[in-house]
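One structure is given here, and the rest of the page talks about it.
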Amino acid sequence: GENELPLYVGKSKTVRKRVLAHFAGDHSSAREMRLAQEVRRVEAIATGGEVGALLLEAALIKRLSPLHNRQLRRNEDLCSWSIAPGRLAVEPPRLVAMADLPPYPEGELFGLFKSERDARRALLAIADDAGLCHVLLGLESQPAGRPCFSHQLHRCRGACAGKESPAAHAARVLAALAGIRLTAWPYPGAAGLREGDELHVFDAWRHLGTVRDDADFDVLPDVGAVAFDKDIYRIA
């Protein structure tokens, strides 16, 4: 645009076609029309391949917050449901802030949510769909032995009323949450993805950096100094 701040950051194997596509669609989209009217120049950065382009795109959007980019924005309130190993029958899932977790947390994590409200809404929907107890999930408070409100509506199968054992209920919770389980980092430490003459280094789903020779490894940050990023998790 008129100043040094970018209007939009995107990636493409053929940058010319991608740029022209934005102008070709300006007559059918108010957003594209505005972008076409505001743009003054286009700058390109070459990367070693698709993964490098995805990593750079995500990093630039978070750092520069372009006006026309709606995705990949930084989200400091990202949270997930945490279940301690073997404890689900006696304690409910715990909502944790991803920013507060160590790189290798204990237990399993389920879902990535933009806010506590979104996380609770998602867990409520899963509970109602699977007939799970709101009290045992920590979503509702009731005196001991009193059925949850969902059971009164015939949505809960009765774990709170003694009709289902805590262990059986815990097994059904894990089954219901399986679709949003976060994949555990499968390596004992950092791993590299080679792309041309570049090596993208990851650890615990964090991008530590991209190196070209052995000397560059010395300047990579420790995994504990790099924040978890949902976009890097999806890219890696």
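To be explicit about the labels: the chains of the structure tokens are called A, B, and onward in the order shown, and within each one the residues are counted from 1, while ligands get numbers from 1 in the order they are shown.
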
Residue contacts of range 171-186 of chain A (8 Å, only C-alpha atoms) excluding same-chain residues fewer than 2 positions away, as a list in words:
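Those residues are Glu108, Leu109, Phe110, Gly111, Ile126, Ala127, Ala130, Leu132, Ala167, Ala168, His169, Pro188, Asp203, Ala204 and Trp205 of chain A.
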
I need the chosen residues saved as a short mmCIF file (atom, residue, chain, number, x, y, z; two decimals), in the first residue's frame, with all heavy atoms.
```
data_model
loop_
_atom_site.label_atom_id
_atom_site.label_comp_id
_atom_site.auth_asym_id
_atom_site.auth_seq_id
_atom_site.Cartn_x
_atom_site.Cartn_y
_atom_site.Cartn_z
N GLU A 108 -2.70 -36.38 27.94
CA GLU A 108 -3.11 -36.15 26.56
C GLU A 108 -3.86 -34.83 26.45
O GLU A 108 -4.52 -34.39 27.39
CB GLU A 108 -3.99 -37.29 26.06
CG GLU A 108 -3.28 -38.62 25.94
CD GLU A 108 -4.16 -39.69 25.33
OE1 GLU A 108 -5.06 -40.18 26.04
OE2 GLU A 108 -3.97 -40.02 24.14
N LEU A 109 -3.76 -34.21 25.28
CA LEU A 109 -4.44 -32.95 25.01
C LEU A 109 -5.50 -33.16 23.93
O LEU A 109 -5.28 -33.91 22.98
CB LEU A 109 -3.45 -31.88 24.57
CG LEU A 109 -2.35 -31.52 25.57
CD1 LEU A 109 -1.36 -30.55 24.95
CD2 LEU A 109 -2.97 -30.92 26.84
N PHE A 110 -6.61 -32.44 24.07
CA PHE A 110 -7.72 -32.61 23.14
C PHE A 110 -8.22 -31.24 22.69
O PHE A 110 -8.67 -30.43 23.50
CB PHE A 110 -8.87 -33.39 23.82
CG PHE A 110 -8.50 -34.79 24.22
CD1 PHE A 110 -7.85 -35.02 25.42
CD2 PHE A 110 -8.77 -35.87 23.39
CE1 PHE A 110 -7.48 -36.32 25.79
CE2 PHE A 110 -8.41 -37.16 23.75
CZ PHE A 110 -7.78 -37.38 24.95
N GLY A 111 -8.13 -31.01 21.40
CA GLY A 111 -8.66 -29.78 20.81
C GLY A 111 -7.75 -28.58 21.01
O GLY A 111 -6.99 -28.50 21.98
N ILE A 126 -20.03 -32.28 22.56
CA ILE A 126 -19.57 -33.66 22.50
C ILE A 126 -20.26 -34.49 23.58
O ILE A 126 -20.68 -35.63 23.35
CB ILE A 126 -18.04 -33.72 22.66
CG1 ILE A 126 -17.36 -33.14 21.42
CG2 ILE A 126 -17.56 -35.15 22.90
CD1 ILE A 126 -15.86 -33.00 21.55
N ALA A 127 -20.39 -33.90 24.79
CA ALA A 127 -21.03 -34.61 25.89
C ALA A 127 -22.48 -34.94 25.57
O ALA A 127 -22.94 -36.07 25.79
CB ALA A 127 -20.95 -33.76 27.16
N ALA A 130 -22.75 -37.71 22.92
CA ALA A 130 -22.34 -39.05 23.35
C ALA A 130 -23.03 -39.51 24.63
O ALA A 130 -22.74 -40.60 25.13
CB ALA A 130 -20.82 -39.09 23.54
N LEU A 132 -22.77 -38.15 27.70
CA LEU A 132 -21.83 -38.07 28.80
C LEU A 132 -22.35 -37.17 29.91
O LEU A 132 -23.22 -36.32 29.68
CB LEU A 132 -20.48 -37.55 28.29
CG LEU A 132 -19.82 -38.39 27.19
CD1 LEU A 132 -18.59 -37.68 26.65
CD2 LEU A 132 -19.47 -39.77 27.71
N ALA A 167 -15.36 -45.91 35.45
CA ALA A 167 -14.41 -46.42 34.46
C ALA A 167 -15.06 -46.53 33.09
O ALA A 167 -14.44 -46.19 32.07
CB ALA A 167 -13.89 -47.79 34.91
N ALA A 168 -16.31 -47.02 33.05
CA ALA A 168 -17.01 -47.14 31.77
C ALA A 168 -17.27 -45.77 31.17
O ALA A 168 -17.13 -45.56 29.96
CB ALA A 168 -18.32 -47.91 31.95
N HIS A 169 -17.63 -44.83 32.02
CA HIS A 169 -17.87 -43.45 31.55
C HIS A 169 -16.57 -42.85 31.02
O HIS A 169 -16.56 -42.19 29.97
CB HIS A 169 -18.43 -42.60 32.68
CG HIS A 169 -18.75 -41.19 32.28
ND1 HIS A 169 -17.85 -40.15 32.47
CD2 HIS A 169 -19.84 -40.65 31.68
CE1 HIS A 169 -18.39 -39.03 32.02
NE2 HIS A 169 -19.59 -39.30 31.53
N PRO A 188 12.10 -38.50 20.12
CA PRO A 188 12.67 -38.21 21.44
C PRO A 188 13.26 -36.80 21.54
O PRO A 188 13.58 -36.34 22.63
CB PRO A 188 13.76 -39.27 21.60
CG PRO A 188 14.15 -39.62 20.20
CD PRO A 188 12.88 -39.53 19.39
N ASP A 203 10.67 -29.35 16.95
CA ASP A 203 10.70 -30.13 18.19
C ASP A 203 9.42 -29.85 18.96
O ASP A 203 9.05 -28.68 19.15
CB ASP A 203 11.92 -29.73 19.05
CG ASP A 203 12.20 -30.76 20.15
OD1 ASP A 203 11.38 -31.69 20.31
OD2 ASP A 203 13.22 -30.62 20.85
N ALA A 204 8.73 -30.91 19.36
CA ALA A 204 7.47 -30.79 20.11
C ALA A 204 6.49 -29.88 19.37
O ALA A 204 5.81 -29.06 19.99
CB ALA A 204 7.73 -30.27 21.52
N TRP A 205 6.44 -30.03 18.05
CA TRP A 205 5.55 -29.25 17.17
C TRP A 205 5.89 -27.77 17.15
O TRP A 205 5.07 -26.95 16.76
CB TRP A 205 4.09 -29.44 17.57
CG TRP A 205 3.65 -30.87 17.57
CD1 TRP A 205 3.18 -31.57 18.63
CD2 TRP A 205 3.64 -31.79 16.47
NE1 TRP A 205 2.89 -32.86 18.28
CE2 TRP A 205 3.17 -33.03 16.95
CE3 TRP A 205 4.01 -31.69 15.12
CZ2 TRP A 205 3.04 -34.15 16.14
CZ3 TRP A 205 3.88 -32.82 14.31
CH2 TRP A 205 3.40 -34.02 14.83
#
```

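When CA of Cys133 in chain A is paired with CA of Cys156 in chain A, their separation reads 5.2 Å.
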
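Counting only C-alpha atoms, range 17-22 of chain A has the following residues at most 12 Å away, ignoring those fewer than 2 positions along the same chain: Tyr8, Val9, Gly10, Lys11, Ser12, Lys13, Thr14, Val15, Ala24, Gly25, Asp26, His27, Ser28, Ser29, Ala30, Arg31, Glu32, Met33, Arg34, Leu35, Ala36, Gln37, Val39, Arg41, Val42, Glu43, Ala44 and His68 of chain A.
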
Point out the residue among A:Arg206, A:His151, A:Arg212, A:Arg94 with the least atom-to-atom distance to Tyr233 in chain A, counting only C-alpha atoms.
A:Arg206

What's the 10 Å shell around range 158-162 of chain A, counting only C-alpha atoms, without same-chain residues fewer than 2 positions away, as a list in words?
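Here the qualifying residues turn out to be Gly131, Leu132, Cys133, His134, Val135, Leu136, Gln142, Ala144, Gly145, Arg146, Pro147, Cys148, Ser150, His151, Gln152, His154, Arg155, Cys156, Glu164, Ser165, Pro166, Ala167, Ala168, His169 and Ala170 of chain A.
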
Find the spatial neighbours of Ile61 in chain A, counting only C-alpha atoms, within a cut-off of 12 Å - ignore same-chain residues fewer than 4 positions away - and output them as a count of residues only.
23

Per residue of range 15-130 of chain A within 9 Å of range 194-199 of chain A, record the nearest atom pair and its distance in Å to one decimal, counting only C-alpha atoms, with rows in chain order and ascending residue number, as a Markdown table.
```
| residue | atom | partner | partner_atom | distance |
| --- | --- | --- | --- | --- |
| A:Thr47 | CA | A:Glu198 | CA | 8.8 |
| A:Gly48 | CA | A:Gly196 | CA | 5.6 |
| A:Gly49 | CA | A:Glu195 | CA | 6.1 |
| A:Glu50 | CA | A:Glu195 | CA | 8.5 |
| A:Val51 | CA | A:Glu195 | CA | 7.8 |
| A:Gly52 | CA | A:Glu195 | CA | 7.8 |
```

Residues within 12 Å of Val201 in chain A, please, as a VMD selection string. Count only C-alpha atoms; anything in the same chain fewer than 5 positions from it doesn't count.
chain A and resid 51 to 52 55 189 to 195 206 to 212 216 to 217 219 to 223 232 236

List the neighbours of Arg117 in chain A out to 12 Å using only C-alpha atoms; skip same-chain residues closer than 6 positions along the sequence, and give me the result as JSON, numbers by chain.
{"A": [77, 78, 79, 80, 95, 123, 124, 139]}

DSSP on the backbone, then: every residue of range 84-185 of chain A marked helix (DSSP H, G or I), written as an MDAnalysis selection string.
chainID A and resid 98:100 116:130 149:152 159:161 166:180
